[in-house]
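What follows is a single structure, written as structure tokens, with notes after it.
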Amino acid sequence: MFNEALEAPAVVARQLAADHGEVAAVARALADPRGRGVLTLARGSSAHAAQHLAYLAMARLGRLVTSLPLSLITLYGSRIGGPGLLSLAFSQSGQSPDLVDPTIALGERSATTVAVVNDTASPLAAAARHVLPLHAGPERSVAATKSYIAQLVAGARLVAQAAEDDALLAALHDLPGVLERAAALRWPQAEAMLAGASQLFVLSRGPGLAIAQEAALKFKEVCGLQAEAFSGAEVQHGPMALIDAGWPVLVLAPRGPAQHGLVALAQRLSARRAQVLVAAPADTPGLDGVPHLPLVTSGHEDLDAIAAVQTFYPMVEALARLRDRDPDTPPHLAKITRTT
């Protein structure tokens, strides 16, 4: 897991140098105002990457993006589909029937189907009209790292192309170097705080929420630590009642409109004597008195969350070992999960 996470900058460089024609074709479909809508199909880490794309597409393009409950097609026989519908399936392996079967069904009903996938020889790739390879190479750890980062970049690249956003495209070009710097950061404070923890909240908002969800999954998957992710707004509608003295909270606060509110929330929770750590760039206002984890900034704030997860992965791998867990082979899990 550790070694594969550190391969992500090279993976992203390969990815950004390839598949320009396919990316352009899918970006045109994503930008088309005549389109009926956009569906994402995904499970696990891939679902978090799909949510990141959805947030950027809705914020930057004004396109409505919906995460498809896959059982609507695989179990309940929904007839969703039709011309003008864009379907984006995210997967590392491309093997799971609950991604393959809906992609086939949507294609048969004239939707434009896309596979964002690492294994281009997989059934999912064969089922889709367009294939966007992740170029991550073999990923042997059960816990996805480099493939997840590649999926985030694939989504951001599509949105940048669709929006014809030169600033975002330039920042993507520079992202491999940003990720190298992010991978070199370490968060020993987080390891120390969570070594003996039994539960944890991970908070963020905007594009950062997809990273918080991925972080919570990794805490469960490789550390055996019960973690839940919430937006900084949603946590105040009920879950806040659990946060008392000593409750661990990791706040991911990259740059952007949500940052100020997240830092203010961290201050309130710290005053309640919760164990709070805020991951944010060093020059973020309002960090006084709250333990702080450094974040690398990218050339565009919409990409900062990707740099944040690059820093997170080595920390959570080290934390698993502190908790006497093998991060490469979590119990009861397999690299390829086939659900229907």
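Identifiers in this document derive from the order of the structure tokens: chains are assigned A, B, ..., residues are numbered from 1 separately in each chain, and ligands are numbered from 1 in order of occurrence.
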
Could you name the residues that touch range 33-40 of chain A at 10 Å or less, counting only C-alpha atoms, but leaving out those on the same chain fewer than 4 positions away, as a PyMOL selection string?
-> chain A and resi 28-29+46-47+49-51+53-54+57+61-70+81-90+111-114

What separates CA of Val117 in chain A and CA of Ala253 in chain A is a distance of 28.8 Å

Residues of range 35-145 of chain A in strand (DSSP E) according to DSSP, as a ChimeraX atom specification?
-> /A:37-41,65-67,85-91,112-117,130-133

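For the set A:Val178, A:Ala271, A:Val309, A:Leu277, the residue with the smallest atom-to-atom gap to Gln213 in chain A is A:Val309, counting only C-alpha atoms.
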
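One distance worth recording is that between CA of Phe201 in chain A and CA of Leu250 in chain A, which is 6.3 Å.
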
For Arg268 in chain A, the nearest of the candidates A:Ser198, A:Ser298, A:Thr145, A:Gln236, counting only C-alpha atoms | A:Gln236

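Pairwise distance (CA of Ser78 in chain A, CA of Leu41 in chain A) equals 14.6 Å.
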
Close residues, Asp174 in chain A itself excluded, 12 Å, only C-alpha atoms, min 4 positions apart in chain, as number ranges by chain | A: 9-10, 12-13, 16-17, 153, 167-170, 178-181, 297-300, 303, 307

Once you have the residues from the selection above, write them out as an mmCIF file, in the first residue's frame, restricted to C-alpha atoms.
data_model
loop_
_atom_site.group_PDB
_atom_site.id
_atom_site.type_symbol
_atom_site.label_atom_id
_atom_site.label_comp_id
_atom_site.auth_asym_id
_atom_site.auth_seq_id
_atom_site.Cartn_x
_atom_site.Cartn_y
_atom_site.Cartn_z
ATOM 1 C CA PRO A 9 2.581 11.109 -9.153
ATOM 2 C CA ALA A 10 4.082 8.998 -11.960
ATOM 3 C CA VAL A 12 -0.907 10.868 -13.009
ATOM 4 C CA ALA A 13 1.857 12.028 -15.341
ATOM 5 C CA LEU A 16 -2.362 13.204 -18.420
ATOM 6 C CA ALA A 17 -0.099 12.440 -21.384
ATOM 7 C CA VAL A 153 -7.602 13.251 -11.785
ATOM 8 C CA ALA A 167 -6.325 27.695 -15.392
ATOM 9 C CA LEU A 168 -7.548 24.285 -14.247
ATOM 10 C CA LEU A 169 -5.932 22.568 -17.248
ATOM 11 C CA ALA A 170 -2.600 24.256 -16.467
ATOM 12 C CA VAL A 178 2.479 18.801 -6.489
ATOM 13 C CA LEU A 179 1.717 15.187 -5.610
ATOM 14 C CA GLU A 180 5.401 14.417 -5.152
ATOM 15 C CA ARG A 181 5.620 17.200 -2.565
ATOM 16 C CA THR A 297 -1.508 23.545 -2.285
ATOM 17 C CA SER A 298 -1.814 22.973 -6.016
ATOM 18 C CA GLY A 299 -2.131 25.412 -8.893
ATOM 19 C CA HIS A 300 -5.927 25.457 -8.488
ATOM 20 C CA LEU A 303 -7.248 20.135 -7.069
ATOM 21 C CA ALA A 307 -3.003 16.579 -2.902
#

Residues of range 18-117 of chain A classed as helix (DSSP H, G or I) by DSSP on the backbone are to be reported as a short mmCIF file (atom, residue, chain, number, x, y, z; two decimals) with all heavy atoms, in the first residue's frame.
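What landed in states_29.cif:
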data_model
loop_
_atom_site.label_atom_id
_atom_site.label_comp_id
_atom_site.auth_asym_id
_atom_site.auth_seq_id
_atom_site.Cartn_x
_atom_site.Cartn_y
_atom_site.Cartn_z
N HIS A 20 -6.00 11.66 -25.30
CA HIS A 20 -6.56 13.00 -25.50
C HIS A 20 -7.86 12.96 -26.30
O HIS A 20 -8.80 13.70 -26.01
CB HIS A 20 -5.53 13.89 -26.19
CG HIS A 20 -4.27 14.06 -25.40
ND1 HIS A 20 -4.23 14.79 -24.22
CD2 HIS A 20 -3.01 13.59 -25.60
CE1 HIS A 20 -3.00 14.77 -23.74
NE2 HIS A 20 -2.25 14.05 -24.56
N GLY A 21 -7.94 12.09 -27.30
CA GLY A 21 -9.14 12.02 -28.11
C GLY A 21 -10.35 11.53 -27.34
O GLY A 21 -11.44 12.11 -27.44
N GLU A 22 -10.18 10.45 -26.57
CA GLU A 22 -11.29 9.94 -25.78
C GLU A 22 -11.73 10.94 -24.71
O GLU A 22 -12.93 11.13 -24.47
CB GLU A 22 -10.90 8.62 -25.12
CG GLU A 22 -10.92 7.42 -26.03
CD GLU A 22 -12.34 7.00 -26.40
OE1 GLU A 22 -12.88 7.58 -27.37
OE2 GLU A 22 -12.91 6.12 -25.73
N VAL A 23 -10.76 11.57 -24.06
CA VAL A 23 -11.11 12.57 -23.04
C VAL A 23 -11.90 13.71 -23.68
O VAL A 23 -12.92 14.16 -23.13
CB VAL A 23 -9.84 13.11 -22.35
CG1 VAL A 23 -10.16 14.31 -21.47
CG2 VAL A 23 -9.19 12.00 -21.52
N ALA A 24 -11.49 14.17 -24.85
CA ALA A 24 -12.19 15.27 -25.51
C ALA A 24 -13.62 14.86 -25.88
O ALA A 24 -14.56 15.65 -25.73
CB ALA A 24 -11.42 15.69 -26.76
N ALA A 25 -13.80 13.62 -26.35
CA ALA A 25 -15.13 13.17 -26.74
C ALA A 25 -16.07 13.11 -25.53
O ALA A 25 -17.22 13.55 -25.60
CB ALA A 25 -15.04 11.80 -27.41
N VAL A 26 -15.57 12.56 -24.43
CA VAL A 26 -16.41 12.46 -23.23
C VAL A 26 -16.66 13.86 -22.65
O VAL A 26 -17.77 14.16 -22.18
CB VAL A 26 -15.77 11.53 -22.18
CG1 VAL A 26 -16.60 11.50 -20.91
CG2 VAL A 26 -15.61 10.12 -22.75
N ALA A 27 -15.67 14.73 -22.69
CA ALA A 27 -15.84 16.09 -22.19
C ALA A 27 -16.92 16.83 -22.99
O ALA A 27 -17.71 17.60 -22.42
CB ALA A 27 -14.53 16.85 -22.24
N ARG A 28 -16.98 16.61 -24.30
CA ARG A 28 -18.03 17.25 -25.10
C ARG A 28 -19.41 16.77 -24.67
O ARG A 28 -20.35 17.57 -24.57
CB ARG A 28 -17.81 16.95 -26.59
CG ARG A 28 -16.68 17.75 -27.22
CD ARG A 28 -16.71 17.66 -28.73
NE ARG A 28 -16.49 16.29 -29.22
CZ ARG A 28 -15.29 15.80 -29.49
NH1 ARG A 28 -14.19 16.53 -29.30
NH2 ARG A 28 -15.17 14.56 -29.94
N ALA A 29 -19.53 15.48 -24.40
CA ALA A 29 -20.81 14.95 -23.92
C ALA A 29 -21.16 15.52 -22.55
O ALA A 29 -22.33 15.83 -22.27
CB ALA A 29 -20.76 13.43 -23.87
N LEU A 30 -20.16 15.67 -21.69
CA LEU A 30 -20.39 16.23 -20.36
C LEU A 30 -20.83 17.68 -20.43
O LEU A 30 -21.66 18.13 -19.64
CB LEU A 30 -19.11 16.10 -19.52
CG LEU A 30 -19.15 16.59 -18.09
CD1 LEU A 30 -20.19 15.84 -17.27
CD2 LEU A 30 -17.77 16.43 -17.43
N ALA A 31 -20.30 18.42 -21.40
CA ALA A 31 -20.61 19.85 -21.51
C ALA A 31 -21.88 20.13 -22.28
O ALA A 31 -22.41 21.26 -22.21
CB ALA A 31 -19.44 20.57 -22.20
N GLY A 44 -17.46 1.75 -3.36
CA GLY A 44 -16.26 1.90 -2.54
C GLY A 44 -15.50 3.18 -2.85
O GLY A 44 -16.07 4.25 -3.05
N SER A 45 -14.16 3.06 -2.90
CA SER A 45 -13.32 4.23 -3.18
C SER A 45 -13.71 4.88 -4.50
O SER A 45 -13.70 6.11 -4.63
CB SER A 45 -11.84 3.82 -3.24
OG SER A 45 -11.37 3.43 -1.97
N SER A 46 -14.06 4.07 -5.48
CA SER A 46 -14.45 4.62 -6.78
C SER A 46 -15.67 5.52 -6.67
O SER A 46 -15.80 6.51 -7.40
CB SER A 46 -14.72 3.49 -7.77
OG SER A 46 -13.55 2.73 -8.01
N ALA A 47 -16.59 5.18 -5.76
CA ALA A 47 -17.77 6.03 -5.56
C ALA A 47 -17.38 7.39 -5.01
O ALA A 47 -18.00 8.41 -5.34
CB ALA A 47 -18.75 5.34 -4.62
N HIS A 48 -16.34 7.44 -4.19
CA HIS A 48 -15.88 8.72 -3.67
C HIS A 48 -15.26 9.55 -4.79
O HIS A 48 -15.45 10.78 -4.86
CB HIS A 48 -14.88 8.52 -2.55
CG HIS A 48 -15.37 7.60 -1.47
ND1 HIS A 48 -14.54 6.78 -0.75
CD2 HIS A 48 -16.63 7.36 -1.02
CE1 HIS A 48 -15.26 6.08 0.12
NE2 HIS A 48 -16.52 6.41 -0.03
N ALA A 49 -14.51 8.90 -5.68
CA ALA A 49 -13.95 9.61 -6.82
C ALA A 49 -15.05 10.13 -7.73
O ALA A 49 -14.98 11.25 -8.26
CB ALA A 49 -13.00 8.70 -7.60
N ALA A 50 -16.10 9.33 -7.93
CA ALA A 50 -17.23 9.77 -8.74
C ALA A 50 -17.92 10.97 -8.11
O ALA A 50 -18.36 11.89 -8.81
CB ALA A 50 -18.22 8.62 -8.92
N GLN A 51 -18.01 10.99 -6.78
CA GLN A 51 -18.63 12.14 -6.12
C GLN A 51 -17.79 13.40 -6.33
O GLN A 51 -18.33 14.50 -6.48
CB GLN A 51 -18.81 11.88 -4.63
CG GLN A 51 -19.41 13.09 -3.90
CD GLN A 51 -19.80 12.80 -2.48
OE1 GLN A 51 -20.20 11.69 -2.16
NE2 GLN A 51 -19.72 13.81 -1.64
N HIS A 52 -16.47 13.26 -6.32
CA HIS A 52 -15.61 14.41 -6.56
C HIS A 52 -15.88 14.99 -7.95
O HIS A 52 -16.03 16.21 -8.11
CB HIS A 52 -14.14 13.97 -6.43
CG HIS A 52 -13.15 15.09 -6.48
ND1 HIS A 52 -12.49 15.43 -7.64
CD2 HIS A 52 -12.70 15.94 -5.53
CE1 HIS A 52 -11.67 16.44 -7.40
NE2 HIS A 52 -11.79 16.76 -6.13
N LEU A 53 -15.95 14.14 -8.97
CA LEU A 53 -16.30 14.61 -10.30
C LEU A 53 -17.67 15.29 -10.29
O LEU A 53 -17.85 16.35 -10.90
CB LEU A 53 -16.31 13.45 -11.30
CG LEU A 53 -16.83 13.81 -12.70
CD1 LEU A 53 -16.05 13.09 -13.78
CD2 LEU A 53 -18.33 13.49 -12.84
N ALA A 54 -18.64 14.67 -9.63
CA ALA A 54 -19.99 15.22 -9.61
C ALA A 54 -20.00 16.62 -9.03
O ALA A 54 -20.66 17.53 -9.56
CB ALA A 54 -20.91 14.30 -8.80
N TYR A 55 -19.25 16.83 -7.94
CA TYR A 55 -19.23 18.15 -7.33
C TYR A 55 -18.64 19.18 -8.28
O TYR A 55 -19.18 20.27 -8.46
CB TYR A 55 -18.45 18.11 -6.01
CG TYR A 55 -18.86 19.22 -5.07
CD1 TYR A 55 -19.82 19.01 -4.09
CD2 TYR A 55 -18.34 20.51 -5.21
CE1 TYR A 55 -20.23 20.02 -3.26
CE2 TYR A 55 -18.75 21.54 -4.38
CZ TYR A 55 -19.70 21.29 -3.40
OH TYR A 55 -20.10 22.32 -2.60
N LEU A 56 -17.52 18.82 -8.91
CA LEU A 56 -16.90 19.77 -9.83
C LEU A 56 -17.80 20.05 -11.03
O LEU A 56 -17.91 21.19 -11.48
CB LEU A 56 -15.55 19.22 -10.31
CG LEU A 56 -14.45 19.06 -9.27
CD1 LEU A 56 -13.16 18.60 -9.94
CD2 LEU A 56 -14.21 20.36 -8.50
N ALA A 57 -18.44 19.00 -11.57
CA ALA A 57 -19.29 19.19 -12.74
C ALA A 57 -20.51 20.05 -12.41
O ALA A 57 -20.91 20.92 -13.21
CB ALA A 57 -19.73 17.84 -13.29
N MET A 58 -21.10 19.85 -11.25
CA MET A 58 -22.26 20.66 -10.89
C MET A 58 -21.86 22.09 -10.58
O MET A 58 -22.56 23.04 -10.94
CB MET A 58 -22.99 20.01 -9.71
CG MET A 58 -23.73 18.73 -10.11
SD MET A 58 -24.82 18.05 -8.84
CE MET A 58 -23.64 17.21 -7.79
N ALA A 59 -20.70 22.25 -9.92
CA ALA A 59 -20.25 23.60 -9.56
C ALA A 59 -19.75 24.37 -10.76
O ALA A 59 -20.04 25.57 -10.91
CB ALA A 59 -19.16 23.52 -8.49
N ARG A 60 -18.99 23.72 -11.65
CA ARG A 60 -18.31 24.43 -12.74
C ARG A 60 -19.09 24.43 -14.04
O ARG A 60 -18.91 25.32 -14.87
CB ARG A 60 -16.91 23.82 -12.98
CG ARG A 60 -16.00 23.83 -11.76
CD ARG A 60 -15.79 25.21 -11.23
NE ARG A 60 -14.97 25.21 -10.02
CZ ARG A 60 -14.89 26.24 -9.19
NH1 ARG A 60 -15.60 27.33 -9.42
NH2 ARG A 60 -14.13 26.17 -8.11
N LEU A 61 -19.93 23.42 -14.25
CA LEU A 61 -20.65 23.29 -15.52
C LEU A 61 -22.15 23.49 -15.38
O LEU A 61 -22.85 23.63 -16.38
CB LEU A 61 -20.39 21.91 -16.14
CG LEU A 61 -18.94 21.54 -16.44
CD1 LEU A 61 -18.84 20.08 -16.84
CD2 LEU A 61 -18.38 22.44 -17.53
N SER A 71 -28.69 -1.16 -7.84
CA SER A 71 -29.71 -2.20 -7.74
C SER A 71 -31.00 -1.82 -8.47
O SER A 71 -31.83 -2.70 -8.74
CB SER A 71 -30.03 -2.50 -6.26
OG SER A 71 -30.53 -1.35 -5.61
N LEU A 72 -31.18 -0.54 -8.79
CA LEU A 72 -32.35 -0.16 -9.59
C LEU A 72 -32.39 -0.94 -10.89
O LEU A 72 -33.46 -1.32 -11.37
CB LEU A 72 -32.32 1.34 -9.90
CG LEU A 72 -32.75 2.29 -8.79
CD1 LEU A 72 -32.57 3.73 -9.24
CD2 LEU A 72 -34.20 2.04 -8.40
N ILE A 73 -31.22 -1.21 -11.47
CA ILE A 73 -31.15 -1.98 -12.71
C ILE A 73 -30.91 -3.45 -12.43
O ILE A 73 -31.60 -4.32 -12.97
CB ILE A 73 -30.07 -1.40 -13.63
CG1 ILE A 73 -30.48 0.00 -14.11
CG2 ILE A 73 -29.82 -2.31 -14.83
CD1 ILE A 73 -29.46 0.70 -14.97
N THR A 74 -29.94 -3.78 -11.55
CA THR A 74 -29.55 -5.18 -11.38
C THR A 74 -30.60 -6.00 -10.64
O THR A 74 -30.74 -7.20 -10.88
CB THR A 74 -28.22 -5.29 -10.63
OG1 THR A 74 -28.36 -4.71 -9.32
CG2 THR A 74 -27.11 -4.58 -11.38
N PRO A 97 -20.21 -7.33 -11.57
CA PRO A 97 -21.43 -7.34 -12.39
C PRO A 97 -22.34 -6.14 -12.16
O PRO A 97 -23.06 -5.74 -13.07
CB PRO A 97 -22.11 -8.65 -11.97
CG PRO A 97 -21.00 -9.52 -11.50
CD PRO A 97 -20.03 -8.59 -10.83
N ASP A 98 -22.36 -5.58 -10.93
CA ASP A 98 -23.27 -4.46 -10.71
C ASP A 98 -22.78 -3.15 -11.32
O ASP A 98 -23.48 -2.14 -11.25
CB ASP A 98 -23.61 -4.29 -9.22
CG ASP A 98 -22.42 -4.02 -8.34
OD1 ASP A 98 -21.29 -3.96 -8.85
OD2 ASP A 98 -22.63 -3.88 -7.12
N LEU A 99 -21.61 -3.15 -11.94
CA LEU A 99 -21.19 -2.05 -12.79
C LEU A 99 -21.32 -2.42 -14.27
O LEU A 99 -21.74 -1.61 -15.10
CB LEU A 99 -19.73 -1.66 -12.50
CG LEU A 99 -19.44 -1.10 -11.12
CD1 LEU A 99 -17.95 -0.87 -10.95
CD2 LEU A 99 -20.18 0.21 -10.90
N VAL A 100 -20.96 -3.66 -14.58
CA VAL A 100 -20.99 -4.11 -15.98
C VAL A 100 -22.41 -4.18 -16.50
O VAL A 100 -22.73 -3.64 -17.59
CB VAL A 100 -20.29 -5.48 -16.12
CG1 VAL A 100 -20.39 -5.98 -17.56
CG2 VAL A 100 -18.83 -5.39 -15.67
N ASP A 101 -23.31 -4.82 -15.76
CA ASP A 101 -24.67 -5.02 -16.26
C ASP A 101 -25.42 -3.70 -16.47
O ASP A 101 -26.08 -3.53 -17.52
CB ASP A 101 -25.45 -5.94 -15.31
CG ASP A 101 -24.89 -7.36 -15.30
OD1 ASP A 101 -24.06 -7.68 -16.18
OD2 ASP A 101 -25.27 -8.15 -14.40
N PRO A 102 -25.37 -2.74 -15.53
CA PRO A 102 -26.02 -1.46 -15.82
C PRO A 102 -25.40 -0.71 -17.00
O PRO A 102 -26.11 -0.04 -17.76
CB PRO A 102 -25.84 -0.68 -14.51
CG PRO A 102 -25.70 -1.71 -13.47
CD PRO A 102 -24.93 -2.81 -14.13
N THR A 103 -24.08 -0.82 -17.17
CA THR A 103 -23.45 -0.16 -18.31
C THR A 103 -23.97 -0.75 -19.62
O THR A 103 -24.28 -0.02 -20.57
CB THR A 103 -21.92 -0.29 -18.22
OG1 THR A 103 -21.47 0.40 -17.04
CG2 THR A 103 -21.24 0.30 -19.43
N ILE A 104 -24.09 -2.07 -19.67
CA ILE A 104 -24.66 -2.72 -20.86
C ILE A 104 -26.10 -2.27 -21.08
O ILE A 104 -26.50 -1.89 -22.20
CB ILE A 104 -24.58 -4.25 -20.73
CG1 ILE A 104 -23.12 -4.70 -20.76
CG2 ILE A 104 -25.38 -4.93 -21.84
CD1 ILE A 104 -22.93 -6.18 -20.44
N ALA A 105 -26.90 -2.28 -20.02
CA ALA A 105 -28.31 -1.91 -20.14
C ALA A 105 -28.48 -0.47 -20.59
O ALA A 105 -29.32 -0.17 -21.46
CB ALA A 105 -29.03 -2.15 -18.81
N LEU A 106 -27.70 0.43 -20.02
CA LEU A 106 -27.80 1.84 -20.41
C LEU A 106 -27.37 2.04 -21.85
O LEU A 106 -27.98 2.82 -22.59
CB LEU A 106 -26.95 2.69 -19.46
CG LEU A 106 -27.48 2.81 -18.03
CD1 LEU A 106 -26.38 3.33 -17.10
CD2 LEU A 106 -28.69 3.74 -17.98
N GLY A 107 -26.32 1.34 -22.27
CA GLY A 107 -25.89 1.43 -23.66
C GLY A 107 -26.94 0.92 -24.62
O GLY A 107 -27.16 1.50 -25.70
N GLU A 108 -27.63 -0.16 -24.26
CA GLU A 108 -28.68 -0.71 -25.11
C GLU A 108 -29.85 0.26 -25.24
O GLU A 108 -30.61 0.19 -26.23
CB GLU A 108 -29.17 -2.04 -24.55
CG GLU A 108 -28.14 -3.16 -24.70
CD GLU A 108 -28.56 -4.44 -24.01
OE1 GLU A 108 -29.49 -4.37 -23.16
OE2 GLU A 108 -27.96 -5.50 -24.29
#

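Across A:Ala274, A:Val296, A:Gly206, A:Glu214, the tightest approach to Gly256 in chain A is made by A:Gly206 when counting only C-alpha atoms.
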
Quick one: everything within 12 Å of Gly137 in chain A, counting only C-alpha atoms, minus sequence neighbours fewer than 5 positions away in the same chain. Send it as an mmCIF file with C-alpha atoms, in the first residue's frame.
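Printed below is out.cif as written:
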data_model
loop_
_atom_site.group_PDB
_atom_site.id
_atom_site.type_symbol
_atom_site.label_atom_id
_atom_site.label_comp_id
_atom_site.auth_asym_id
_atom_site.auth_seq_id
_atom_site.Cartn_x
_atom_site.Cartn_y
_atom_site.Cartn_z
ATOM 1 C CA GLU A 4 1.709 2.023 -4.476
ATOM 2 C CA GLU A 7 3.606 5.751 -7.340
ATOM 3 C CA ALA A 8 0.636 8.079 -7.824
ATOM 4 C CA ALA A 10 4.082 8.998 -11.960
ATOM 5 C CA VAL A 11 0.674 7.428 -12.657
ATOM 6 C CA VAL A 12 -0.907 10.868 -13.009
ATOM 7 C CA ARG A 14 1.229 8.995 -17.602
ATOM 8 C CA GLN A 15 -2.495 9.523 -17.481
ATOM 9 C CA GLN A 92 -10.205 -0.221 -10.669
ATOM 10 C CA SER A 93 -10.813 -3.796 -11.787
ATOM 11 C CA VAL A 117 -11.106 1.924 -15.366
ATOM 12 C CA ASN A 118 -7.624 0.614 -14.672
ATOM 13 C CA ASP A 119 -8.021 -2.783 -16.381
ATOM 14 C CA THR A 120 -8.779 -1.971 -20.006
ATOM 15 C CA THR A 145 -4.463 4.315 -3.455
ATOM 16 C CA LYS A 146 -2.854 5.213 -6.777
ATOM 17 C CA SER A 147 -5.940 4.089 -8.712
ATOM 18 C CA ALA A 150 -5.968 8.527 -10.874
#

Residue with the minimum atom-to-atom distance to Leu217 in chain A, picked from A:Ala144, A:Leu287, A:Leu242, A:Leu194 with only C-alpha atoms counted, is A:Ala144

If you count only C-alpha atoms, which residues fall within 8 Å of Ala183 in chain A, apart from same-chain ones fewer than 5 positions away, as a list in words?
-> Leu6, Gln310, Thr311 and Pro314 of chain A

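Restricting the calculation to only C-alpha atoms, the smallest distance between Arg273 in chain A and any of A:Leu203, A:Asp244, A:Ala233, A:Ala258 is found for A:Asp244.
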
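Nearest-residue note for Pro294 in chain A: choosing from A:Ala266, A:Pro327, A:Leu252, A:Val276, the minimum distance belongs to A:Leu252, counting only C-alpha atoms.
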